[in-house]
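Read the structure below first, then the notes.
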Amino acid sequence: MAGRTETREATRLDATLKAVDDGLDAALSRLFDFLKIASISTDPAHKAACTQAAEWAAGELRALGFAATVHPTPGHPVVVARTDTGAPRRVLFYGHYDVQPVDPLDLWETPPFEPRLGETPDGRKTIVARGACDDKGQVLTFLEALRAFKSVGAGAPVDVTVLLEGEEECGSPNLPAFLAAHASELSADLALVCDTGMWDPKTPSITTALRGILHTELTIVGADRDLHSGLFGGAARNPIHVLASLIAEAHDASGRVTLPGFYDDVREMPAEVRQRWESLGLTAEAFLNPVGLGVAAGESDRLVIEQIQSRPTFEVNGMFGGYTGAGTKTIIPARATAKISFRLVADQDPAKIRAGFEAFAAARVPADCEAVFSWGEGARAFLVPPESPDLSRAAGALEAEWGIAPVTVGSGGSIPVVGQFKNVLGVDTLLIGFGLDDDRVHSPNEKYDLSSFHKGTRSWVRILEALA
């Protein structure tokens, strides 16, 4: 019986993959229709277009047999669609239909909402339009995989819930409340996100870790007004000096952060993961030369890939104080401010990092100055356990499609929705995307490789089969 079941599943898989291949032109036509909708979420002038994009996506999902609803929010709508076939497992797929503004418009080679096929200098065929990669093209890879299953009369081997939001590009202000209000409707065994990239055009990847984030403004307050530097210089405390000294002491000569307890809860990557990262051969020069640098500034005993993926950071995003206009104004400023962000890793607690920084500052601020903090909420890091069976299944599916084992990587950035899925819904997330470094995401002439769209769709077919 087991052998007969495996044969039936292999036949279904082959038929579904063929359906993807045969339907590529029609899939591209649907993607172009989606890309023509100027769903720029941050611009109120495009509110109607955002609603149009939500309705378009809901219509496509209904055509695939989903029960789909367009939910209003105080901002742009959220689309929720689901199947209920009684399959033993359910996955939750997340994506977004909103896109970034197109400015500067004059740098686009063709209008951003008139999608076209193009070609890179090395001969790769591409889809060019705003949203081609981020995230409409990626969303359609998943929906087209579902269409292929339907076309062969099989249906997806797992039950699927699709969640598409329209405010990802402007900070997802209404998504946390929506998740909390619809938690039972969105419950699943595993979440899938297709908003990430490949290691290179021929090597797939799975993002298994995301750094958390915490940010603050620190203001050092000195005198009750700006002071004449000739009358008070040498006697009055200068808040810019205090702030600069405090920030300089936040790192030691090896690049380690010196805040008390900063590394107490940092989880070390397993030795086999670190060995895989080392085998990738990512050097400081290769990573930094494209931005005009060449020497890694992080912890000197860590690989570059560790510095940007699995180690926490303390960064100063901006500093200001005193007179910054044209010419000279000889003052001792009354205050100085720094905007500071922390990237956190598992299992760091934002509240503990906040307390550590406040203690660090208190120990270094003179008696006649005050440290005033303005904190953001913060978000914890996310980590898929290396031993996760679903991670292994997805990796095997990607290797079967691309002919090479996927690279499992962390992301130096933060995707708050992944943490919300864990905290609110209690599910882990696999981040599997097919974007490339040269896709010009958020820039003029955004593109998505045709192979990413085609083989990405085939990959989702294999992944859904494996997850079943």
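Please note that chains go A, B, ... in the order of the structure tokens, that every chain numbers its residues from 1, and that ligands are numbered from 1 in the order shown.
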Residues near Leu430 in chain A, cut-off 8 Å, only C-alpha atoms, skip fewer than 6 positions along chain, as a short mmCIF file (atom, residue, chain, number, x, y, z; two decimals) with N, CA and C atoms, in the first residue's frame:
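Generated output (out-v3.cif):
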data_model
loop_
_atom_site.label_atom_id
_atom_site.label_comp_id
_atom_site.auth_asym_id
_atom_site.auth_seq_id
_atom_site.Cartn_x
_atom_site.Cartn_y
_atom_site.Cartn_z
N LEU A 190 2.05 25.68 10.13
CA LEU A 190 3.30 26.29 9.67
C LEU A 190 2.95 27.51 8.83
N ALA A 191 3.74 28.56 8.96
CA ALA A 191 3.58 29.74 8.12
C ALA A 191 4.67 29.76 7.05
N LEU A 192 4.33 30.27 5.88
CA LEU A 192 5.26 30.39 4.76
C LEU A 192 5.27 31.85 4.30
N VAL A 193 6.44 32.40 4.10
CA VAL A 193 6.58 33.77 3.63
C VAL A 193 7.47 33.77 2.40
N ILE A 206 16.90 29.29 2.20
CA ILE A 206 15.81 29.38 3.18
C ILE A 206 16.31 30.27 4.31
N THR A 207 15.57 31.31 4.59
CA THR A 207 15.94 32.20 5.70
C THR A 207 15.39 31.60 6.97
N THR A 208 16.27 31.25 7.89
CA THR A 208 15.87 30.55 9.11
C THR A 208 16.02 31.41 10.36
N VAL A 384 14.30 29.59 13.30
CA VAL A 384 13.77 28.25 13.03
C VAL A 384 14.78 27.23 13.57
N LEU A 391 11.72 22.24 7.99
CA LEU A 391 12.89 22.83 7.34
C LEU A 391 13.58 21.80 6.46
#
(request) Compile the contact shell of Lys125 in chain A as a PyMOL selection string: residues with an atom at most 7 Å away, counting only C-alpha atoms, same-chain residues fewer than 4 positions apart removed. (result) chain A and resi 117-120+449-450
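Close contacts of Pro176 in chain A, defined as residues with an atom at most 9 Å away when counting only C-alpha atoms, with chain neighbours fewer than 3 positions off set aside, comprise Ser172, Pro173, Leu179, Ala180, Ala181, Val417, Gln420 and Val424 of chain A.
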(message) So that I can see what lies close to Glu167 in chain A, please list as an MDAnalysis selection string the residues with an atom at most 7 Å from it, counting only C-alpha atoms and leaving out residues fewer than 6 positions away in the same chain.
(response) chainID A and resid 41 76 98
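Residue nearest Gly230 in chain A, chosen from A:Leu344, A:Ile404, A:Ala371, A:Ile332 and counting only C-alpha atoms: A:Ile332.
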(message) For the alpha helix (DSSP H) assignment from backbone DSSP, which residues of range 143-316 of chain A qualify? Please present them as a PyMOL selection string.
(response) chain A and resi 143-151+175-181+229-232+239-248+271-279+284-288+304-309
How close does each residue of range 347-456 of chain A get to range 209-218 of chain A, giving the shortest atom pair and distance in Å to one decimal for every residue with an atom at most 10 Å away, counting only C-alpha atoms, sorted by chain and residue number, as JSON lines?
{"residue": "A:Asp347", "atom": "CA", "partner": "A:Gly212", "partner_atom": "CA", "distance": 9.7}
{"residue": "A:Gln348", "atom": "CA", "partner": "A:Gly212", "partner_atom": "CA", "distance": 8.5}
{"residue": "A:Asp349", "atom": "CA", "partner": "A:Gly212", "partner_atom": "CA", "distance": 9.3}
{"residue": "A:Pro350", "atom": "CA", "partner": "A:Leu214", "partner_atom": "CA", "distance": 6.4}
{"residue": "A:Ala351", "atom": "CA", "partner": "A:Leu214", "partner_atom": "CA", "distance": 9.1}
{"residue": "A:Ile353", "atom": "CA", "partner": "A:Leu214", "partner_atom": "CA", "distance": 8.5}
{"residue": "A:Arg354", "atom": "CA", "partner": "A:Leu214", "partner_atom": "CA", "distance": 8.2}
{"residue": "A:Glu358", "atom": "CA", "partner": "A:Leu218", "partner_atom": "CA", "distance": 9.5}
{"residue": "A:Ala361", "atom": "CA", "partner": "A:Leu218", "partner_atom": "CA", "distance": 9.3}
{"residue": "A:Ala371", "atom": "CA", "partner": "A:Leu218", "partner_atom": "CA", "distance": 6.7}
{"residue": "A:Val372", "atom": "CA", "partner": "A:Leu218", "partner_atom": "CA", "distance": 5.7}
{"residue": "A:Phe373", "atom": "CA", "partner": "A:Leu218", "partner_atom": "CA", "distance": 4.7}
{"residue": "A:Ser374", "atom": "CA", "partner": "A:Glu217", "partner_atom": "CA", "distance": 5.1}
{"residue": "A:Trp375", "atom": "CA", "partner": "A:Thr216", "partner_atom": "CA", "distance": 4.3}
{"residue": "A:Gly376", "atom": "CA", "partner": "A:His215", "partner_atom": "CA", "distance": 5.4}
{"residue": "A:Glu377", "atom": "CA", "partner": "A:Leu214", "partner_atom": "CA", "distance": 6.9}
{"residue": "A:Gly378", "atom": "CA", "partner": "A:Leu214", "partner_atom": "CA", "distance": 4.2}
{"residue": "A:Ala379", "atom": "CA", "partner": "A:Gly212", "partner_atom": "CA", "distance": 5.1}
{"residue": "A:Arg380", "atom": "CA", "partner": "A:Gly212", "partner_atom": "CA", "distance": 4.5}
{"residue": "A:Ala381", "atom": "CA", "partner": "A:Gly212", "partner_atom": "CA", "distance": 3.8}
{"residue": "A:Phe382", "atom": "CA", "partner": "A:Leu210", "partner_atom": "CA", "distance": 5.1}
{"residue": "A:Leu383", "atom": "CA", "partner": "A:Ala209", "partner_atom": "CA", "distance": 4.3}
{"residue": "A:Val384", "atom": "CA", "partner": "A:Ala209", "partner_atom": "CA", "distance": 6.2}
{"residue": "A:Pro385", "atom": "CA", "partner": "A:Ala209", "partner_atom": "CA", "distance": 9.0}
{"residue": "A:Thr408", "atom": "CA", "partner": "A:Ala209", "partner_atom": "CA", "distance": 9.0}
{"residue": "A:Val409", "atom": "CA", "partner": "A:Ala209", "partner_atom": "CA", "distance": 6.9}
{"residue": "A:Gly410", "atom": "CA", "partner": "A:Ala209", "partner_atom": "CA", "distance": 4.3}
{"residue": "A:Ser411", "atom": "CA", "partner": "A:Leu210", "partner_atom": "CA", "distance": 4.9}
{"residue": "A:Gly412", "atom": "CA", "partner": "A:Arg211", "partner_atom": "CA", "distance": 5.7}
{"residue": "A:Gly413", "atom": "CA", "partner": "A:Arg211", "partner_atom": "CA", "distance": 5.9}
{"residue": "A:Ser414", "atom": "CA", "partner": "A:Arg211", "partner_atom": "CA", "distance": 5.4}
{"residue": "A:Ile415", "atom": "CA", "partner": "A:Leu210", "partner_atom": "CA", "distance": 7.0}
{"residue": "A:Pro416", "atom": "CA", "partner": "A:Gly212", "partner_atom": "CA", "distance": 7.8}
{"residue": "A:Val418", "atom": "CA", "partner": "A:Leu210", "partner_atom": "CA", "distance": 8.5}
{"residue": "A:Gly419", "atom": "CA", "partner": "A:Gly212", "partner_atom": "CA", "distance": 8.6}
{"residue": "A:Thr429", "atom": "CA", "partner": "A:Ala209", "partner_atom": "CA", "distance": 9.6}
{"residue": "A:Leu430", "atom": "CA", "partner": "A:Ala209", "partner_atom": "CA", "distance": 9.3}
{"residue": "A:Leu431", "atom": "CA", "partner": "A:Ala209", "partner_atom": "CA", "distance": 8.9}
